[in-house]
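With TSV, C-alpha atoms inside, this is entry20.tsv:
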```tsv
chain	number	residue	atom	x	y	z
H	15	MET	CA	26.12	-60.29	18.26
H	16	GLN	CA	23.19	-60.82	15.91
H	17	ASN	CA	23.82	-60.82	12.18
H	18	HIS	CA	21.64	-58.35	10.32
H	19	ASN	CA	23.56	-58.52	7.05
H	20	LEU	CA	20.55	-59.67	5.01
H	21	GLU	CA	18.38	-56.80	6.20
H	22	ILE	CA	21.25	-54.35	5.67
H	23	LYS	CA	21.74	-55.61	2.13
H	24	ASP	CA	18.01	-55.15	1.46
H	25	LEU	CA	18.35	-51.52	2.48
H	26	LEU	CA	21.41	-51.13	0.29
H	27	ILE	CA	19.53	-52.36	-2.77
H	28	ASP	CA	17.23	-49.34	-2.40
H	29	ILE	CA	19.88	-46.84	-1.38
H	30	LEU	CA	22.49	-47.75	-3.96
H	31	GLU	CA	19.86	-48.45	-6.63
H	32	SER	CA	21.67	-51.67	-7.49
H	33	ASP	CA	20.34	-55.12	-8.15
H	34	GLN	CA	20.47	-57.98	-5.68
H	35	THR	CA	23.40	-59.71	-7.37
H	36	ASP	CA	25.63	-56.64	-7.08
H	37	ILE	CA	24.71	-56.08	-3.45
H	38	GLN	CA	25.17	-59.74	-2.52
H	39	SER	CA	28.72	-59.58	-3.83
H	40	ILE	CA	29.69	-56.75	-1.45
H	41	GLU	CA	32.00	-58.07	1.27
H	42	ALA	CA	31.18	-57.25	4.88
H	43	ASP	CA	34.24	-55.03	5.37
H	44	GLU	CA	34.21	-53.48	1.92
H	45	ASN	CA	33.97	-49.70	1.82
H	46	LEU	CA	30.51	-48.89	0.54
H	47	VAL	CA	31.80	-45.68	-1.05
H	48	GLU	CA	33.29	-47.94	-3.71
H	49	SER	CA	29.79	-49.28	-4.38
H	50	GLY	CA	28.43	-45.77	-4.84
H	51	LEU	CA	27.56	-44.63	-1.31
H	52	THR	CA	27.64	-40.83	-1.58
H	53	SER	CA	27.16	-38.50	1.38
H	54	LEU	CA	23.55	-37.88	0.36
H	55	LYS	CA	22.84	-41.62	0.13
H	56	ALA	CA	24.54	-42.11	3.49
H	57	ILE	CA	22.08	-39.64	5.04
H	58	SER	CA	19.17	-41.65	3.58
H	59	LEU	CA	20.79	-44.88	4.76
H	60	VAL	CA	21.00	-43.65	8.36
H	61	ILE	CA	17.35	-42.64	8.29
H	62	LEU	CA	16.30	-46.00	6.81
H	63	ILE	CA	18.34	-47.92	9.40
H	64	GLU	CA	16.67	-45.93	12.18
H	65	GLU	CA	13.20	-46.61	10.74
H	66	LYS	CA	13.81	-50.26	9.97
H	67	PHE	CA	15.23	-51.14	13.38
H	68	ASN	CA	13.26	-48.59	15.39
H	69	ILE	CA	16.38	-46.99	16.84
H	70	VAL	CA	17.69	-43.42	17.09
H	71	LEU	CA	21.42	-42.95	16.67
H	72	GLU	CA	23.22	-40.64	19.06
H	73	ASP	CA	25.08	-37.69	17.58
H	74	GLU	CA	28.50	-39.28	17.84
H	75	ASP	CA	27.29	-42.29	15.80
H	76	LEU	CA	25.95	-40.18	12.95
H	77	LEU	CA	29.36	-39.88	11.31
H	78	PHE	CA	29.53	-41.55	7.90
H	79	GLU	CA	32.71	-43.39	8.86
H	80	ASN	CA	30.55	-45.44	11.27
H	81	ILE	CA	28.29	-46.76	8.51
H	82	ASN	CA	30.55	-47.11	5.52
H	83	SER	CA	30.63	-50.92	5.53
H	84	ILE	CA	28.10	-53.70	6.19
H	85	SER	CA	30.03	-54.91	9.22
H	86	LYS	CA	30.11	-51.41	10.75
H	87	ILE	CA	26.39	-50.98	10.18
H	88	ASN	CA	25.84	-54.34	11.87
H	89	ILE	CA	27.84	-53.19	14.90
H	90	ILE	CA	25.85	-49.96	15.18
H	91	ILE	CA	22.51	-51.77	14.92
H	92	ASN	CA	23.49	-54.28	17.57
H	93	LYS	CA	24.72	-51.50	19.85
H	94	TYR	CA	21.31	-49.87	19.83
H	95	LEU	CA	19.22	-53.03	19.90
H	96	VAL	CA	21.09	-54.21	22.97
H	97	ASN	CA	20.35	-50.89	24.69
H	98	THR	CA	16.61	-50.90	23.93
C	4	MET	CA	48.52	0.86	-7.20
C	5	LEU	CA	46.99	-2.43	-8.34
C	6	LYS	CA	47.75	-3.47	-11.90
C	7	ILE	CA	44.37	-4.58	-13.12
C	8	GLU	CA	42.20	-4.25	-16.20
C	9	PRO	CA	40.11	-1.06	-15.86
C	10	ILE	CA	36.90	-3.05	-16.37
C	11	TYR	CA	37.54	-4.83	-13.05
C	12	GLU	CA	38.29	-1.76	-10.95
C	13	TYR	CA	34.73	-1.19	-9.79
C	14	LEU	CA	34.67	-4.78	-8.47
C	15	LEU	CA	37.56	-4.26	-6.05
C	16	ARG	CA	37.02	-4.27	-2.32
C	17	LYS	CA	37.26	-0.90	-0.63
C	18	GLN	CA	37.20	0.04	3.01
C	19	ASP	CA	33.70	0.72	4.23
C	20	LYS	CA	33.29	2.97	7.27
C	21	SER	CA	29.94	1.50	8.31
C	22	THR	CA	31.48	-1.99	8.27
C	23	VAL	CA	34.32	-0.75	10.49
C	24	GLU	CA	31.81	0.74	12.95
C	25	ARG	CA	29.67	-2.38	12.92
C	26	ASN	CA	32.70	-4.61	13.56
C	27	GLN	CA	33.80	-2.34	16.40
C	28	MET	CA	30.36	-2.70	17.95
C	29	TRP	CA	30.41	-6.48	17.53
C	30	TYR	CA	33.76	-7.00	19.21
C	31	GLU	CA	33.02	-4.50	21.95
C	32	GLN	CA	29.86	-6.41	22.86
C	33	LEU	CA	31.53	-9.79	22.50
C	34	THR	CA	34.55	-8.97	24.66
C	35	PRO	CA	33.16	-10.96	27.65
C	36	PHE	CA	32.40	-13.90	25.33
C	37	PHE	CA	35.94	-13.91	23.94
C	38	GLN	CA	37.29	-13.62	27.45
C	39	ASP	CA	35.60	-16.94	28.28
C	40	MET	CA	36.65	-18.42	24.94
C	41	LEU	CA	40.24	-18.45	26.22
C	42	GLU	CA	39.18	-21.65	28.01
C	43	VAL	CA	39.26	-23.56	24.70
C	44	PRO	CA	41.78	-23.52	21.87
C	45	TYR	CA	40.16	-21.54	19.07
C	46	ALA	CA	40.89	-18.97	16.39
C	47	VAL	CA	38.78	-16.30	14.72
C	48	LEU	CA	38.86	-16.84	10.96
C	49	LYS	CA	38.28	-14.65	7.90
C	50	GLY	CA	36.12	-11.56	8.38
C	51	ASP	CA	37.87	-8.58	9.87
C	52	VAL	CA	40.99	-10.57	10.78
C	53	LEU	CA	41.46	-11.27	7.10
C	54	SER	CA	40.70	-7.64	6.29
C	55	ILE	CA	43.53	-6.54	8.56
C	56	PHE	CA	45.99	-9.24	7.45
C	57	ALA	CA	45.38	-8.68	3.72
C	58	TYR	CA	44.38	-5.04	3.44
C	59	GLY	CA	46.03	-3.53	6.49
C	60	GLY	CA	42.83	-2.34	8.12
C	61	SER	CA	39.32	-3.18	9.24
C	62	GLY	CA	36.26	-2.90	7.02
C	63	PHE	CA	37.48	-4.16	3.65
C	64	ARG	CA	35.38	-7.31	3.90
C	65	ASN	CA	31.76	-7.12	4.82
C	66	SER	CA	31.02	-10.39	6.60
C	67	HIS	CA	27.56	-11.08	8.00
C	68	ASP	CA	28.97	-13.33	10.71
C	69	ILE	CA	32.01	-14.22	12.80
C	70	ASP	CA	33.78	-17.49	11.97
C	71	ILE	CA	35.58	-19.50	14.60
C	72	LEU	CA	37.77	-22.58	14.27
C	73	VAL	CA	37.66	-25.10	17.11
C	74	SER	CA	38.50	-28.76	17.48
C	75	ARG	CA	35.54	-31.15	17.42
C	76	LYS	CA	36.53	-32.42	20.83
C	77	ASP	CA	35.89	-28.94	22.29
C	78	LEU	CA	32.38	-28.51	20.86
C	79	THR	CA	30.69	-29.39	24.16
C	80	LYS	CA	32.74	-26.79	26.06
C	81	LEU	CA	32.12	-24.27	23.28
C	82	HIS	CA	28.42	-24.91	23.56
C	83	GLU	CA	28.54	-24.19	27.30
C	84	ILE	CA	30.33	-20.89	26.67
C	85	CYS	CA	27.90	-19.92	23.92
C	86	ASP	CA	24.96	-20.81	26.14
C	87	LYS	CA	26.36	-18.68	28.97
C	88	HIS	CA	26.52	-15.72	26.61
C	89	ASP	CA	23.04	-16.22	25.14
C	90	PHE	CA	24.10	-17.68	21.82
C	91	LYS	CA	21.44	-20.10	20.54
C	92	GLN	CA	21.87	-22.80	17.90
C	93	ILE	CA	19.04	-22.35	15.45
C	94	VAL	CA	18.20	-22.43	11.80
C	95	LEU	CA	15.73	-20.06	10.27
C	96	ASP	CA	12.75	-20.85	8.07
C	97	ASP	CA	11.89	-18.91	4.92
C	98	ASN	CA	10.25	-16.21	7.03
C	99	GLY	CA	13.30	-15.78	9.22
C	100	ASN	CA	11.73	-17.60	12.19
C	101	PRO	CA	13.69	-20.20	14.18
C	102	ARG	CA	12.79	-23.81	13.41
C	103	PRO	CA	14.20	-27.20	14.48
C	104	LEU	CA	16.59	-29.12	12.24
C	105	SER	CA	15.19	-32.04	10.29
C	106	ARG	CA	16.86	-35.41	10.86
C	107	GLN	CA	18.47	-35.14	7.41
C	108	GLU	CA	19.88	-31.71	8.23
C	109	LYS	CA	21.24	-32.91	11.57
C	110	ILE	CA	23.06	-35.82	9.92
C	111	MET	CA	24.36	-33.53	7.20
C	112	PHE	CA	25.73	-31.02	9.70
C	113	LYS	CA	27.33	-33.79	11.72
C	114	ASN	CA	29.28	-34.82	8.63
C	115	SER	CA	30.14	-31.42	7.29
C	116	HIS	CA	32.98	-29.05	8.14
C	117	GLN	CA	30.59	-26.81	10.08
C	118	VAL	CA	28.14	-27.10	12.95
C	119	VAL	CA	24.73	-25.50	13.24
C	120	PRO	CA	25.38	-21.76	13.55
C	121	TYR	CA	24.73	-19.81	16.75
C	122	PHE	CA	22.79	-16.58	16.93
C	123	LYS	CA	22.79	-13.91	19.62
C	124	LYS	CA	20.71	-10.81	20.00
C	125	LEU	CA	22.88	-7.76	20.68
C	126	GLU	CA	22.08	-4.71	22.81
C	127	ASN	CA	21.04	-2.65	19.79
C	128	GLY	CA	18.49	-5.28	18.74
C	129	THR	CA	20.52	-6.66	15.84
C	130	THR	CA	21.51	-10.32	15.68
C	131	ILE	CA	24.98	-11.69	15.23
C	132	GLU	CA	25.73	-15.12	13.76
C	133	LEU	CA	28.61	-17.24	14.98
C	134	ASP	CA	29.75	-19.90	12.51
C	135	ILE	CA	31.76	-22.76	13.96
C	136	ASN	CA	34.30	-24.57	11.79
C	137	CYS	CA	36.04	-27.80	12.77
C	138	ASP	CA	38.07	-28.42	9.66
C	139	PHE	CA	40.07	-26.66	6.97
C	140	PHE	CA	38.68	-28.91	4.30
C	141	TRP	CA	35.29	-29.84	2.87
C	142	ALA	CA	33.53	-32.98	4.13
C	143	GLU	CA	34.29	-35.22	1.12
C	144	PHE	CA	37.98	-34.28	0.91
C	145	LYS	CA	39.95	-37.51	0.60
C	146	GLY	CA	43.51	-36.31	1.16
C	147	THR	CA	45.48	-35.91	4.40
C	148	ARG	CA	43.66	-33.40	6.55
C	149	ILE	CA	45.58	-30.64	8.27
C	150	LYS	CA	45.24	-31.31	12.01
C	151	VAL	CA	43.14	-28.58	13.58
C	152	ASP	CA	44.50	-29.23	17.08
C	153	LYS	CA	48.06	-28.58	15.94
C	154	ILE	CA	47.06	-25.39	14.12
C	155	LEU	CA	45.21	-24.11	17.16
C	156	GLU	CA	48.21	-24.80	19.40
C	157	GLU	CA	50.06	-22.21	17.35
C	158	ALA	CA	47.27	-19.60	17.41
C	159	ILE	CA	48.40	-16.15	18.45
C	160	ASP	CA	46.94	-13.32	20.52
C	161	PHE	CA	45.44	-10.46	18.56
C	162	ASN	CA	43.85	-7.14	19.42
C	163	LEU	CA	40.72	-6.80	17.33
C	164	HIS	CA	38.88	-3.54	18.03
C	165	ASP	CA	40.27	-3.57	21.60
C	166	CYS	CA	38.99	-7.11	22.08
C	167	HIS	CA	41.53	-9.79	22.91
C	168	VAL	CA	41.02	-12.69	20.51
C	169	ARG	CA	43.07	-15.60	19.23
C	170	VAL	CA	43.81	-15.88	15.52
C	171	LEU	CA	45.82	-18.16	13.25
C	172	THR	CA	49.38	-17.31	12.40
C	173	PRO	CA	49.58	-15.32	9.16
C	174	LEU	CA	50.87	-18.37	7.29
C	175	THR	CA	48.07	-20.68	8.41
C	176	ALA	CA	45.52	-17.86	8.03
C	177	PHE	CA	46.59	-17.49	4.40
C	178	VAL	CA	46.32	-21.22	3.79
C	179	GLN	CA	42.93	-21.38	5.52
C	180	MET	CA	41.69	-18.48	3.44
C	181	CYS	CA	42.94	-20.13	0.24
C	182	LEU	CA	41.26	-23.44	1.02
C	183	HIS	CA	38.08	-21.62	1.98
C	184	HIS	CA	38.08	-19.59	-1.24
C	185	TYR	CA	38.84	-22.70	-3.31
C	186	ARG	CA	35.95	-24.53	-1.70
C	187	GLU	CA	33.56	-21.63	-2.32
C	188	MET	CA	34.64	-21.27	-5.95
C	189	ASN	CA	34.11	-24.96	-6.62
C	190	SER	CA	30.97	-25.71	-4.65
C	191	ILE	CA	27.98	-26.27	-6.91
C	192	TYR	CA	25.69	-25.55	-3.94
C	193	ILE	CA	27.12	-22.07	-3.57
C	194	TYR	CA	26.61	-21.37	-7.29
C	195	LYS	CA	22.88	-21.64	-6.64
C	196	LEU	CA	23.13	-18.78	-4.11
C	197	LYS	CA	25.74	-16.56	-5.74
C	198	ASN	CA	28.79	-16.55	-8.00
C	199	PRO	CA	31.84	-17.00	-5.74
C	200	ILE	CA	34.31	-16.66	-8.63
C	201	THR	CA	34.87	-12.94	-8.27
C	202	VAL	CA	37.57	-10.33	-8.57
C	203	ALA	CA	37.12	-9.57	-4.87
C	204	MET	CA	37.90	-13.15	-3.81
C	205	PHE	CA	41.11	-13.16	-5.84
C	206	GLN	CA	41.89	-9.71	-4.49
C	207	ASP	CA	41.90	-11.20	-0.97
C	208	ILE	CA	44.51	-13.72	-2.07
C	209	TYR	CA	46.60	-11.25	-3.99
C	210	MET	CA	46.61	-8.57	-1.29
C	211	PHE	CA	47.49	-11.07	1.44
C	212	TYR	CA	50.29	-12.50	-0.69
C	213	LYS	CA	51.48	-9.03	-1.66
C	214	ASN	CA	51.73	-7.84	1.90
C	215	HIS	CA	53.80	-10.98	2.75
C	216	TYR	CA	52.47	-10.60	6.20
C	217	LYS	CA	55.29	-12.11	8.22
C	218	PHE	CA	55.63	-15.22	6.09
C	219	ASN	CA	57.60	-15.71	2.90
C	220	ILE	CA	57.02	-17.75	-0.21
C	221	THR	CA	59.49	-20.51	0.78
C	222	GLN	CA	57.62	-21.10	4.03
C	223	LEU	CA	54.34	-21.17	2.14
C	224	LEU	CA	55.69	-23.61	-0.43
C	225	ASP	CA	57.08	-25.92	2.26
C	226	TYR	CA	53.78	-25.85	4.12
C	227	THR	CA	51.85	-26.48	0.92
C	228	LYS	CA	54.01	-29.48	0.02
C	229	GLU	CA	53.94	-30.87	3.54
C	230	HIS	CA	50.12	-30.92	3.48
C	231	ARG	CA	49.81	-31.84	-0.21
C	232	ILE	CA	47.61	-28.87	-1.13
C	233	GLU	CA	49.66	-27.68	-4.12
C	234	PRO	CA	46.79	-28.10	-6.65
C	235	TYR	CA	44.49	-25.78	-4.73
C	236	MET	CA	47.20	-23.17	-4.07
C	237	TYR	CA	48.23	-23.28	-7.72
C	238	TYR	CA	44.63	-22.75	-8.85
C	239	LEU	CA	44.25	-19.66	-6.64
C	240	LEU	CA	47.65	-18.12	-7.28
C	241	PHE	CA	47.38	-18.75	-11.02
C	242	TYR	CA	44.08	-16.93	-11.35
C	243	SER	CA	45.08	-14.19	-8.90
C	244	ASN	CA	48.07	-13.52	-11.14
C	245	LEU	CA	45.86	-13.54	-14.23
C	246	ILE	CA	43.76	-10.73	-12.78
C	247	PHE	CA	46.42	-8.70	-10.97
C	248	GLU	CA	49.45	-9.13	-13.26
C	249	ASP	CA	52.29	-9.17	-10.79
C	250	GLU	CA	55.86	-9.96	-11.87
C	251	ALA	CA	56.89	-11.55	-8.56
C	252	LEU	CA	53.66	-13.56	-8.38
C	253	SER	CA	54.19	-14.79	-11.96
C	254	GLU	CA	57.45	-16.40	-10.85
C	255	HIS	CA	56.06	-17.72	-7.57
C	256	VAL	CA	53.02	-19.31	-9.19
C	257	GLU	CA	55.30	-21.66	-11.11
C	258	LEU	CA	56.68	-23.05	-7.85
C	259	PHE	CA	53.22	-24.41	-7.04
C	260	ARG	CA	52.43	-25.87	-10.46
C	261	THR	CA	51.49	-29.56	-10.52
C	262	PRO	CA	49.69	-31.63	-13.17
C	263	GLU	CA	46.69	-31.93	-10.87
C	264	GLY	CA	46.68	-28.16	-10.28
C	265	GLU	CA	46.69	-27.56	-14.02
C	266	TYR	CA	43.82	-30.00	-14.41
C	267	LEU	CA	41.77	-28.22	-11.74
C	268	LEU	CA	42.06	-24.85	-13.47
C	269	ASN	CA	39.18	-25.59	-15.81
C	270	CYS	CA	37.08	-27.75	-13.53
C	271	TYR	CA	34.47	-27.20	-10.87
C	272	GLY	CA	33.21	-29.49	-8.11
C	273	LEU	CA	34.93	-30.59	-4.93
C	274	THR	CA	35.08	-34.36	-5.37
C	275	GLU	CA	36.07	-36.74	-8.12
C	276	THR	CA	32.42	-37.70	-8.69
C	277	GLU	CA	31.23	-34.07	-8.76
C	278	ARG	CA	34.11	-32.70	-10.80
C	279	LYS	CA	33.30	-31.54	-14.33
C	280	LYS	CA	34.86	-29.31	-16.96
C	281	TRP	CA	33.67	-25.75	-17.39
C	282	LYS	CA	32.01	-24.99	-20.69
C	283	CYS	CA	33.44	-21.47	-20.80
C	284	ASP	CA	36.80	-19.92	-20.00
C	285	PHE	CA	37.80	-18.24	-16.74
C	286	ILE	CA	37.21	-14.67	-17.90
C	287	ASN	CA	33.63	-15.55	-18.80
C	288	ARG	CA	33.07	-17.14	-15.37
C	289	LEU	CA	34.46	-14.19	-13.44
C	290	ASN	CA	31.70	-12.23	-11.72
C	291	ARG	CA	29.13	-13.77	-14.04
C	292	ILE	CA	25.60	-13.32	-12.72
C	293	ASP	CA	24.11	-16.53	-14.12
C	294	LEU	CA	26.91	-18.93	-13.15
C	295	PHE	CA	24.54	-21.63	-11.90
C	296	GLU	CA	22.85	-21.78	-15.29
C	297	LEU	CA	26.17	-22.83	-16.82
C	298	VAL	CA	26.31	-25.97	-14.67
C	299	GLU	CA	22.64	-26.79	-14.13
C	300	ASN	CA	22.35	-29.20	-17.02
C	301	ASP	CA	25.40	-31.14	-15.84
C	302	LEU	CA	23.87	-31.94	-12.46
C	303	ASN	CA	22.47	-35.39	-11.69
C	304	GLU	CA	19.55	-36.07	-9.34
C	305	ASP	CA	21.89	-36.65	-6.41
C	306	ASP	CA	23.55	-33.25	-6.95
C	307	LYS	CA	20.18	-31.51	-7.12
C	308	LYS	CA	18.92	-33.15	-3.91
C	309	LYS	CA	22.14	-32.22	-2.13
C	310	ILE	CA	21.77	-28.62	-3.23
C	311	GLU	CA	18.21	-28.52	-1.90
C	312	LEU	CA	19.29	-29.99	1.42
C	313	SER	CA	22.21	-27.58	1.78
C	314	LEU	CA	20.07	-24.59	0.90
C	315	SER	CA	17.31	-25.56	3.32
C	316	ILE	CA	19.56	-24.45	6.18
C	317	LYS	CA	20.93	-21.28	4.55
```

Have the structure of the file written as C-alpha cells, please.
Amino acid sequence: MQNHNLEIKDLLIDILESDQTDIQSIEADENLVESGLTSLKAISLVILIEEKFNIVLEDEDLLFENINSISKINIIINKYLVNT
Amino acid sequence: MLKIEPIYEYLLRKQDKSTVERNQMWYEQLTPFFQDMLEVPYAVLKGDVLSIFAYGGSGFRNSHDIDILVSRKDLTKLHEICDKHDFKQIVLDDNGNPRPLSRQEKIMFKNSHQVVPYFKKLENGTTIELDINCDFFWAEFKGTRIKVDKILEEAIDFNLHDCHVRVLTPLTAFVQMCLHHYREMNSIYIYKLKNPITVAMFQDIYMFYKNHYKFNITQLLDYTKEHRIEPYMYYLLFYSNLIFEDEALSEHVELFRTPEGEYLLNCYGLTETERKKWKCDFINRLNRIDLFELVENDLNEDDKKKIELSLSIK
C-alpha cells in the first residue's frame, strides 16, 4: 500500500487551518476530531481528497468515520487508486 | 383543563378538521405503499401518530410530511419500495423545481440522521413528502446511540385512518419525540428558519406524559437511565412543567434531574463546540419571533457555512 501521508497532511494544513508543525505532530491513528475536524471541515476534506487524487468515493465510503484519521484516509485513497 | 398562563392559551394546539381530512386522504392513498412497507422493519414517527398518542385524536399536529424510521441497512430495499410507488428522491431549488444534490449536500446527507426526502404526486395533484430517519439522535451526538434495529423489532401494528402501519411503542415514541423536540429546540440551523422553542412543542410533551399512554414514569426513568439521556429528558420535562404547572409532573421532573441536565437548561447548540449560553431567560425565548437574532453574533464562520449548507436543501 502506498503511503500518501505527506499529501494528506498538506490537505489538512488547509482544512484545519493549522500550521505545518501542528499537522506534522498528528499521529497516523489519531482522531482528527481532536485536531479540530468538524463535520463541515470533513465535507471539505472529502471533496479535496477526491480532487487531489482524481477519485470519486462511493456512497458507503462517504461516512466521516472512514476519514477521521490519517491512516484511514490513506486506506481509502489506496482503495480507489488501486481500482482506477 | 390545562393549567396555563392565559397569555399562552392562543398558542396551544387544537384539532383542525382540514388536517384530519388531509391525513385521511394521505393514508388512504398510501395504503398500497404501506402494505409493501411490511417487507422492511419500519415505524411511522411523529405527525398524526403523535397527535393520536398525545392528544387522543387525529389533526392536532399539522405536519407537511410523513416521517419514517428505518435501519440504514434497509435503505436499498426502502428505495425499491418507494420507486415502485412513484416516490422520487429530489431536492427543490428556490423556485420549487427539482434539482440534483451538490457533492457537499450528498456528503452531508450521508452523515446526517436523515436521507434525501422522497416526494410523490398524489391523485388530487398535491405532493406528499416522505422523510426517512435512520437514527434517534443528531449526527454529532457522541453518547451511546439507541439501536434502531432493536427499537424497530418492537414496533407495533396500528390502524391509522384505516391504513395498517407500524409505529413505535408508546414508550419509545415518547422518547423519540422528546429527542426530536430537544434537537429542534437546540439546533442553530433551525433558528434561522423558525423558532422551535414554542408552547406547542412543550404541549406535545406534556399531553403525551399526561395521558400516560400505556407506559408509566418508572418505565420511562429506567429507559432514560439505560440509554443515558437524562439531561435531555430533564430539559424537556422541566420546561413543560414550567409552562403547564402540573403537581405530578413537578415531582416526576426531579427524578430526571442531573447536573448536566441543569447545565443544558440555559444553553443552546447540539455539540460541545456549538454549545453556548442563552443571553435571555426561557420565558423571553418562548415563541419569540426573532430568536435567530439572539444567537447570530455568537456564530463563527463554520457555524454560518453549516447553516447555509443545511438550508440549501430545505

- Message: Counting all atoms listed in the file, which residue out of H:Val96, H:Ala56, H:Asn68, H:Lys86 sits closest to chain C?
- Response: H:Ala56

- Identify, on the basis of all atoms listed in the file, every residue whose closest approach to Phe78 in chain H does not exceed 10 Å; exclude the query and any residue fewer than 5 positions from it along the same chain; express the result as number ranges by chain. H: 51-53, 56-57, 59-60, 83; C: 110-111, 113-114

- Task: Could you check which of C:Lys123, C:Arg75, C:His82, C:His164 is closest to chain H, using only C-alpha atoms?
- Result: C:Arg75

Near chain H, 10 Å: chain C residue rows, closest pairs, only C-alpha atoms, as a tab-separated table:
```
residue	atom	partner	partner_atom	distance
C:Arg106	CA	H:Ile61	CA	7.7
C:Gln107	CA	H:Ile57	CA	6.2
C:Glu108	CA	H:Ile57	CA	8.8
C:Lys109	CA	H:Asp73	CA	8.6
C:Ile110	CA	H:Leu76	CA	6.0
C:Met111	CA	H:Ile57	CA	6.9
C:Phe112	CA	H:Leu77	CA	9.7
C:Lys113	CA	H:Leu77	CA	6.4
C:Asn114	CA	H:Leu77	CA	5.7
C:Ser115	CA	H:Leu77	CA	9.4
C:Ala142	CA	H:Ser53	CA	8.9
C:Glu143	CA	H:Ser53	CA	7.9
C:Thr276	CA	H:Thr52	CA	9.1
C:Asp305	CA	H:Leu54	CA	7.1
C:Asp306	CA	H:Leu54	CA	8.7
C:Lys308	CA	H:Leu54	CA	7.9
C:Lys309	CA	H:Leu54	CA	6.3
C:Leu312	CA	H:Leu54	CA	9.0
```

- Name the residues in contact with Val70 in chain H at a cut-off of 9 Å, using all atoms listed in the file, excluding same-chain residues fewer than 4 positions from it; report them as JSON, numbers by chain. {"H": [61, 63, 64, 65, 94]}
